[in-house]
>>> print(open('upload.csv').read())   # CSV, C-alpha atoms
chain,number,residue,atom,x,y,z
D,17,MET,CA,10.2,-20.6,-19.2
D,18,ASN,CA,9.3,-24.0,-18.0
D,19,GLU,CA,5.7,-24.7,-19.0
D,20,LYS,CA,5.2,-27.1,-16.0
D,21,LEU,CA,6.2,-24.3,-13.6
D,22,GLU,CA,3.7,-21.9,-15.0
D,23,GLU,CA,0.8,-24.2,-14.4
D,24,GLN,CA,-1.9,-23.1,-11.9
D,25,PRO,CA,-1.6,-24.9,-8.5
D,26,SER,CA,-3.6,-28.1,-8.5
D,27,LEU,CA,-6.1,-28.1,-5.7
D,28,SER,CA,-7.9,-31.0,-4.1
D,29,ALA,CA,-11.7,-30.9,-4.2
D,30,GLU,CA,-11.7,-30.0,-0.6
D,31,ASP,CA,-9.3,-27.1,-1.0
D,32,ALA,CA,-11.1,-25.8,-4.0
D,33,GLU,CA,-14.4,-25.9,-2.0
D,34,PHE,CA,-12.7,-24.1,0.9
D,35,ILE,CA,-11.2,-21.4,-1.4
D,36,GLY,CA,-14.5,-21.0,-3.2
D,37,ARG,CA,-16.2,-20.4,0.1
D,38,LEU,CA,-13.7,-17.8,1.1
D,39,ALA,CA,-14.0,-16.0,-2.2
D,40,GLU,CA,-17.8,-16.1,-2.0
D,41,HIS,CA,-18.0,-14.6,1.5
D,42,TYR,CA,-15.0,-12.3,1.5
D,43,VAL,CA,-16.2,-9.7,-0.9
D,44,PRO,CA,-16.9,-6.0,-0.3
D,45,PRO,CA,-20.4,-4.6,-0.2
D,46,PRO,CA,-21.5,-3.4,-3.6
D,47,LEU,CA,-20.9,0.3,-4.4
D,48,SER,CA,-24.0,2.4,-4.7
D,49,ALA,CA,-24.4,4.3,-7.9
D,50,ALA,CA,-24.3,7.6,-6.0
D,51,ARG,CA,-21.0,6.6,-4.2
D,52,SER,CA,-19.5,5.4,-7.5
D,53,THR,CA,-20.3,8.8,-9.1
D,54,GLU,CA,-18.8,10.6,-6.1
D,55,LEU,CA,-15.6,8.5,-6.4
D,56,ASP,CA,-15.4,9.1,-10.1
D,57,ALA,CA,-15.8,12.8,-9.7
D,58,GLU,CA,-13.1,12.8,-6.9
D,59,LEU,CA,-10.7,10.9,-9.1
D,60,ARG,CA,-11.3,13.1,-12.0
D,61,GLY,CA,-10.7,16.2,-9.9
D,62,ARG,CA,-7.4,14.7,-8.7
D,63,ILE,CA,-5.9,13.5,-11.9
D,64,VAL,CA,-7.2,16.1,-14.4
D,65,THR,CA,-5.1,19.1,-13.5
D,66,PRO,CA,-4.1,22.2,-15.5
D,67,ARG,CA,-1.2,21.3,-17.8
D,68,GLY,CA,2.0,21.3,-15.9
D,69,LEU,CA,0.5,21.8,-12.4
D,70,ALA,CA,0.7,18.3,-11.0
D,71,PHE,CA,3.4,17.1,-13.5
D,72,GLU,CA,5.7,20.0,-13.2
D,73,ARG,CA,5.9,20.0,-9.4
D,74,PRO,CA,8.7,17.4,-9.2
D,75,ALA,CA,10.6,19.2,-11.9
D,76,PHE,CA,10.2,22.5,-10.2
D,77,ALA,CA,11.3,21.1,-6.9
D,78,THR,CA,14.4,19.6,-8.5
D,79,ALA,CA,15.2,22.9,-10.2
D,80,ALA,CA,14.8,24.7,-6.8
D,81,VAL,CA,17.2,22.3,-5.1
D,82,VAL,CA,19.8,22.6,-7.9
D,83,LEU,CA,19.5,26.3,-7.7
D,84,ALA,CA,19.9,26.3,-3.9
D,85,ILE,CA,23.0,24.1,-4.1
D,86,GLY,CA,24.5,26.2,-6.9
D,87,LEU,CA,23.9,29.4,-4.9
D,88,ALA,CA,25.4,27.9,-1.7
D,89,LEU,CA,28.5,26.8,-3.6
D,90,ALA,CA,28.8,30.2,-5.3
D,91,LEU,CA,28.5,32.0,-1.9
D,92,GLY,CA,30.9,29.6,-0.3
D,93,ALA,CA,33.5,30.4,-3.0
D,94,PHE,CA,33.2,34.2,-2.6
D,95,GLU,CA,32.9,34.3,1.1
D,96,SER,CA,36.1,32.3,1.8
D,97,THR,CA,38.4,35.0,3.4
D,98,ALA,CA,40.9,32.6,4.9
D,99,PRO,CA,44.5,33.3,3.9
D,100,GLU,CA,46.2,30.8,1.7
D,101,GLY,CA,47.8,28.0,3.7
D,102,ALA,CA,45.4,28.4,6.6
D,103,ARG,CA,43.7,25.2,7.9
D,104,PRO,CA,40.4,25.0,6.1
D,105,ASP,CA,38.9,22.3,8.4
D,106,VAL,CA,37.6,24.6,11.1
D,107,VAL,CA,34.2,23.4,12.1
D,108,PHE,CA,31.7,25.4,14.1
D,109,VAL,CA,29.3,23.4,16.3
D,110,ALA,CA,26.3,24.5,18.3
D,111,SER,CA,27.1,25.0,21.9
D,112,PRO,CA,25.0,25.9,24.9
D,113,SER,CA,24.7,29.6,25.7
D,114,ALA,CA,26.5,31.0,28.8
D,115,ALA,CA,23.2,31.1,30.7
D,116,ASP,CA,22.7,27.4,29.9
D,117,TRP,CA,26.2,26.6,31.2
D,118,GLU,CA,25.4,28.4,34.4
D,119,ARG,CA,22.2,26.5,34.7
D,120,GLY,CA,24.1,23.4,34.1
D,121,LEU,CA,26.3,24.0,37.1
D,122,PHE,CA,23.3,23.6,39.3
D,123,ASP,CA,21.3,21.1,37.3
D,124,PRO,CA,23.6,18.7,35.3
D,125,ASP,CA,20.5,17.3,33.4
D,126,ALA,CA,19.9,20.7,31.9
D,127,LEU,CA,22.7,20.1,29.4
D,128,ASP,CA,21.4,16.8,28.2
D,129,ASP,CA,19.5,18.5,25.3
D,130,PHE,CA,22.8,19.5,23.7
D,131,ASP,CA,23.7,15.9,23.0
D,132,ALA,CA,23.4,16.1,19.2
D,133,GLY,CA,24.3,12.5,18.8
D,134,ASP,CA,21.1,11.2,20.5
D,135,ASP,CA,18.4,11.7,17.9
D,136,LEU,CA,15.8,9.9,20.0
D,137,GLY,CA,16.5,11.8,23.1
D,138,GLY,CA,14.0,14.6,22.4
D,139,LEU,CA,11.2,12.3,21.5
D,140,PRO,CA,8.3,11.4,23.8
D,141,ASP,CA,8.7,7.9,25.2
D,142,ASP,CA,6.0,6.3,22.9
D,143,TYR,CA,7.5,7.8,19.8
D,144,ALA,CA,11.0,6.8,20.8
D,145,ALA,CA,9.7,3.2,21.3
D,146,ILE,CA,8.2,3.2,17.8
D,147,ALA,CA,11.3,4.7,16.3
D,148,GLY,CA,13.4,2.2,18.2
D,149,ILE,CA,11.5,-0.7,16.7
D,150,PHE,CA,12.1,0.5,13.2
D,151,LEU,CA,15.7,1.6,13.7
D,152,ASP,CA,16.6,-1.7,15.5
D,153,GLY,CA,14.7,-3.7,12.9
P,29,MET,CA,-21.0,6.3,-14.3
P,30,GLU,CA,-19.6,9.6,-15.5
P,31,SER,CA,-16.7,9.3,-17.9
P,32,VAL,CA,-13.2,10.2,-16.7
P,33,ALA,CA,-12.1,13.4,-18.4
P,34,VAL,CA,-9.1,13.2,-20.8
P,35,LEU,CA,-5.9,13.3,-18.9
P,36,GLU,CA,-3.4,15.9,-19.5
P,37,SER,CA,0.3,15.5,-19.9
P,38,SER,CA,2.6,16.6,-22.7
P,39,ARG,CA,5.0,13.7,-21.9
P,40,VAL,CA,2.6,10.8,-22.1
P,41,ASP,CA,1.6,9.2,-25.3
P,42,PRO,CA,-2.1,10.2,-25.9
P,43,LYS,CA,-2.8,6.5,-26.8
P,44,LEU,CA,-1.5,5.5,-23.4
P,45,GLU,CA,-3.7,8.1,-21.7
P,46,ILE,CA,-6.7,6.6,-23.5
P,47,ARG,CA,-5.7,3.1,-22.4
P,48,PHE,CA,-5.4,4.4,-18.8
P,49,GLU,CA,-8.8,5.9,-19.0
P,50,ALA,CA,-10.2,2.7,-20.2
P,51,LEU,CA,-8.4,0.8,-17.4
P,52,VAL,CA,-9.9,3.1,-14.8
P,53,HIS,CA,-13.4,2.3,-16.1
P,54,SER,CA,-12.9,-1.4,-16.6
P,55,HIS,CA,-10.9,-2.2,-13.5
P,56,ARG,CA,-12.2,0.1,-10.9
P,57,GLU,CA,-14.5,-2.5,-9.3
P,58,ARG,CA,-12.0,-5.2,-9.4
P,59,ALA,CA,-9.4,-2.9,-8.0
P,60,ARG,CA,-11.7,-1.9,-5.1
P,61,ARG,CA,-12.4,-5.5,-4.4
P,62,LEU,CA,-8.8,-6.5,-4.4
P,63,ALA,CA,-7.9,-3.5,-2.2
P,64,TRP,CA,-10.7,-4.4,0.2
P,65,ARG,CA,-9.4,-8.0,0.5
P,66,LEU,CA,-5.9,-6.8,1.0
P,67,VAL,CA,-6.6,-4.2,3.7
P,68,GLY,CA,-8.7,-6.5,5.8
P,69,GLY,CA,-12.3,-5.8,4.8
P,70,ASP,CA,-12.4,-2.1,5.4
P,71,ALA,CA,-14.6,-0.5,2.7
P,72,ALA,CA,-13.5,3.1,3.3
P,73,ALA,CA,-9.8,2.2,3.3
P,74,ALA,CA,-10.3,0.2,0.2
P,75,GLU,CA,-11.8,3.2,-1.6
P,76,ASP,CA,-8.9,5.4,-0.5
P,77,VAL,CA,-6.3,2.8,-1.5
P,78,THR,CA,-7.9,2.4,-4.9
P,79,GLN,CA,-8.2,6.1,-5.6
P,80,GLU,CA,-4.6,6.7,-4.5
P,81,ALA,CA,-3.4,3.9,-6.7
P,82,PHE,CA,-5.1,5.4,-9.7
P,83,VAL,CA,-3.7,8.8,-8.9
P,84,LYS,CA,-0.2,7.4,-8.5
P,85,ALA,CA,-0.5,5.3,-11.6
P,86,PHE,CA,-1.6,8.4,-13.5
P,87,ARG,CA,1.3,10.5,-12.2
P,88,GLY,CA,3.7,7.8,-13.1
P,89,LEU,CA,2.3,7.2,-16.5
P,90,SER,CA,5.2,9.0,-18.1
P,91,ARG,CA,7.5,6.4,-16.6
P,92,PHE,CA,5.5,3.4,-17.9
P,93,ARG,CA,7.7,1.7,-20.5
P,94,GLY,CA,5.4,-1.1,-21.5
P,95,GLU,CA,7.6,-3.8,-20.1
P,96,ALA,CA,4.5,-5.2,-18.4
P,97,ALA,CA,0.9,-4.9,-19.3
P,98,LEU,CA,-0.7,-1.6,-18.2
P,99,GLU,CA,-3.0,-3.6,-15.9
P,100,THR,CA,-0.2,-5.5,-14.3
P,101,TRP,CA,1.7,-2.3,-13.8
P,102,PHE,CA,-1.4,-0.7,-12.2
P,103,TYR,CA,-2.1,-3.6,-9.9
P,104,ARG,CA,1.5,-3.6,-8.8
P,105,ILE,CA,1.0,0.0,-7.6
P,106,LEU,CA,-2.3,-1.0,-6.0
P,107,VAL,CA,-0.9,-3.9,-4.0
P,108,ARG,CA,2.0,-1.7,-2.8
P,109,GLN,CA,-0.5,1.0,-1.8
P,110,ALA,CA,-2.6,-1.5,0.1
P,111,TYR,CA,0.5,-2.8,1.9
P,112,SER,CA,1.5,0.8,2.7
P,113,TYR,CA,-1.9,1.3,4.2
P,114,ARG,CA,-1.7,-1.8,6.3
P,115,ARG,CA,1.7,-0.7,7.6
P,116,TRP,CA,0.4,2.7,8.5
P,117,ARG,CA,-2.6,1.2,10.2
P,118,GLY,CA,-0.3,-1.1,12.2
P,119,ILE,CA,1.6,1.9,13.5
P,120,ARG,CA,-1.6,3.8,14.2
P,121,ASP,CA,-3.0,0.8,16.1
P,122,PHE,CA,0.2,0.5,18.1
P,123,TRP,CA,-0.1,4.1,19.0
P,124,ASP,CA,-3.8,3.7,19.9
P,125,SER,CA,-2.9,1.7,23.0
P,126,GLY,CA,-2.0,-1.4,21.0
P,127,SER,CA,-5.5,-2.0,19.8
P,128,THR,CA,-5.6,-4.1,16.7
P,129,ALA,CA,-9.4,-4.1,16.3
P,130,GLU,CA,-10.6,-3.5,12.8
P,131,PRO,CA,-12.6,-0.3,12.3
P,132,ALA,CA,-16.3,-0.7,11.9
P,133,ASP,CA,-17.3,-1.0,8.3
P,134,PRO,CA,-19.4,2.1,7.4
P,135,PHE,CA,-21.0,0.3,4.5
P,136,PRO,CA,-21.9,-3.2,5.9
P,137,ASP,CA,-23.2,-5.7,3.4
P,138,PRO,CA,-26.4,-7.2,4.8
P,139,THR,CA,-26.2,-10.2,2.5
P,140,ARG,CA,-22.8,-11.4,4.1
P,141,ASP,CA,-21.9,-12.6,7.5
P,142,PRO,CA,-19.8,-9.8,9.0
P,143,GLY,CA,-18.5,-12.2,11.7
P,144,LEU,CA,-17.2,-14.6,9.1
P,145,GLN,CA,-15.7,-11.8,7.0
P,146,ARG,CA,-13.8,-10.6,10.1
P,147,ARG,CA,-12.5,-14.1,10.8
P,148,ILE,CA,-11.3,-14.4,7.2
P,149,ALA,CA,-9.7,-10.9,7.4
P,150,ALA,CA,-8.0,-11.9,10.7
P,151,ALA,CA,-6.7,-15.2,9.2
P,152,LEU,CA,-5.3,-13.3,6.2
P,153,GLY,CA,-3.7,-10.9,8.7
P,154,GLU,CA,-1.9,-13.8,10.3
P,155,LEU,CA,-0.1,-14.6,7.0
P,156,THR,CA,3.1,-12.9,5.9
P,157,ARG,CA,2.9,-10.1,3.5
P,158,SER,CA,3.9,-12.3,0.5
P,159,GLN,CA,1.6,-15.1,1.5
P,160,ARG,CA,-1.3,-12.8,1.9
P,161,GLU,CA,-0.7,-11.1,-1.4
P,162,VAL,CA,-0.3,-14.2,-3.5
P,163,PHE,CA,-3.3,-15.9,-1.8
P,164,VAL,CA,-5.6,-13.0,-2.4
P,165,LEU,CA,-4.4,-12.5,-6.0
P,166,VAL,CA,-4.4,-16.1,-7.1
P,167,HIS,CA,-7.0,-17.8,-5.0
P,168,LEU,CA,-9.5,-15.1,-4.4
P,169,GLU,CA,-9.0,-12.8,-7.4
P,170,GLY,CA,-8.3,-15.4,-9.9
P,171,PHE,CA,-5.0,-14.0,-11.2
P,172,ARG,CA,-2.8,-16.6,-13.1
P,173,VAL,CA,0.3,-17.6,-11.2
P,174,ARG,CA,2.5,-16.1,-13.9
P,175,GLU,CA,0.6,-12.8,-13.7
P,176,CYS,CA,0.9,-12.8,-10.0
P,177,ALA,CA,4.7,-13.5,-10.2
P,178,GLU,CA,5.1,-10.6,-12.7
P,179,LEU,CA,3.0,-8.3,-10.6
P,180,LEU,CA,4.9,-9.0,-7.4
P,181,GLU,CA,8.2,-9.3,-9.2
P,182,LYS,CA,8.8,-12.7,-7.8
P,183,PRO,CA,9.8,-16.0,-9.4
P,184,ILE,CA,6.9,-18.4,-10.2
P,185,GLY,CA,8.3,-21.0,-7.9
P,186,THR,CA,8.4,-18.6,-5.0
P,187,VAL,CA,4.8,-17.6,-5.7
P,188,LYS,CA,3.8,-21.3,-5.7
P,189,SER,CA,5.6,-21.9,-2.5
P,190,HIS,CA,3.9,-18.9,-0.8
P,191,LEU,CA,0.5,-20.1,-2.1
P,192,HIS,CA,1.0,-23.6,-0.6
P,193,ARG,CA,2.0,-22.2,2.8
P,194,ALA,CA,-0.7,-19.6,2.8
P,195,LEU,CA,-3.4,-22.2,2.0
P,196,ALA,CA,-2.2,-24.5,4.7
P,197,ARG,CA,-2.2,-21.7,7.3
P,198,MET,CA,-5.7,-20.5,6.2
P,199,ARG,CA,-7.0,-24.0,6.5
P,200,CYS,CA,-5.6,-24.1,10.0
P,201,GLU,CA,-7.1,-20.8,11.0
P,202,LEU,CA,-10.5,-21.5,9.5
P,203,THR,CA,-10.8,-25.3,10.2
P,204,ASP,CA,-14.6,-25.1,10.5
P,205,LEU,CA,-14.9,-23.9,6.9
P,206,VAL,CA,-13.0,-26.9,5.7
P,207,GLU,CA,-15.2,-29.4,7.4
P,208,PRO,CA,-17.9,-30.5,5.0
P,209,ASP,CA,-20.7,-30.8,7.5
P,210,ILE,CA,-20.2,-27.3,8.9
P,211,ALA,CA,-19.7,-25.9,5.4
P,212,ARG,CA,-23.1,-27.4,4.5
P,213,GLU,CA,-24.6,-25.9,7.6
P,214,ASN,CA,-23.2,-22.5,6.6
P,215,GLY,CA,-24.6,-23.0,3.1
P,216,GLU,CA,-28.1,-23.6,4.6
P,217,ASN,CA,-27.9,-20.5,6.8
P,218,ARG,CA,-27.2,-18.3,3.9
>>> encode(input="upload.csv", output="structure tokens")
Amino acid sequence: MNEKLEEQPSLSAEDAEFIGRLAEHYVPPPLSAARSTELDAELRGRIVTPRGLAFERPAFATAAVVLAIGLALALGAFESTAPEGARPDVVFVASPSAADWERGLFDPDALDDFDAGDDLGGLPDDYAAIAGIFLDG
Amino acid sequence: MESVAVLESSRVDPKLEIRFEALVHSHRERARRLAWRLVGGDAAAAEDVTQEAFVKAFRGLSRFRGEAALETWFYRILVRQAYSYRRWRGIRDFWDSGSTAEPADPFPDPTRDPGLQRRIAAALGELTRSQREVFVLVHLEGFRVRECAELLEKPIGTVKSHLHRALARMRCELTDLVEPDIARENGENR
């Protein structure tokens, strides 16, 4: 790698003084011995776990997901009762109940909740605004 | 300070665990200071960020391949954790009626000027994420440019460019600290 490129940035005396002042003033308050001990104990409590407890959790979760997928695939294979040649692409979608449809006859807005494509529709306004910022960004 | 108990993991080289333990001891204070500077001068948040970074580093120790120094690897986690905190706080502040006021420091340092610290924190807050991180790492924490580049996984030239822009903006935001006469006055007041 280029040695020149690796050099520290050269600072004017004024810049160096400015930065020195920032570094001098912008420091956290010292940690008391008692607080330091507390933090140390807390950290020790969080990272020293019985063998396998903290470390095996991800592996256990992965195994559970694999098992669930396997089970779902197996059940899917056994539960297929469609005759050969039948169209396999029948899709069931959630639909409003009869009572909801009746309510919808009098209040058209009552069926808005069934618009599955509108993920933000059910959010309060403020949450929807935040979500909108991130989704748009 | 109490010693950190020996860490347990069958998948991690015991020598690495000992190195990690040593890192916790030797870098805890620097890590807390770096976190404090990155999160905007909030002591409680800095403690949380530091603790969380140590825990995450420990949990990820089995994935450490030694491609970077252990310290660099840890500080990379810490810097990301600090950014994650800032982002979370930004959303929280937005939710709390758009207030961006810094929380009161529960452990104020009587030997420092809290007003000046808030101004420096605010000026750092005006920088972009990259500018803030390189400025704090190199200028305030004394990391080498090469170390900083490795830590942030950016080219050295990019780090230098961010440093240059960050310094210019900080000077703009804190003009009175650049002026020698005011600086002298501040020095006398201390």
>>> residues_near_point(input="upload.csv", point="(-6.7, -13.6, -2.5)", cutoff="12 Å", atoms="only C-alpha atoms", output="ChimeraX atom specification")
/D:35-40,42-43 /P:61-68,107,148-149,151-153,155,157-173,176,190-191,194-195,198
>>> closest_residue(input="upload.csv", among="P:Arg199, P:Arg140, P:Arg87, P:Arg193", to="D:Pro45", atoms="only C-alpha atoms")
P:Arg140
>>> atom_distance(input="upload.csv", atom1="atom CA of P:Arg146", atom2="atom CA of P:Thr186")
28.0 Å
>>> atom_distance(input="upload.csv", atom1="atom CA of D:Ser26", atom2="atom CA of P:Arg60")
27.6 Å
>>> atom_distance(input="upload.csv", atom1="atom CA of D:Glu33", atom2="atom CA of P:Ser189")
20.4 Å
>>> closest_residue(input="upload.csv", among="P:Thr78, P:Thr203, P:Gln145, P:Gln109", to="chain D", atoms="only C-alpha atoms")
P:Gln145
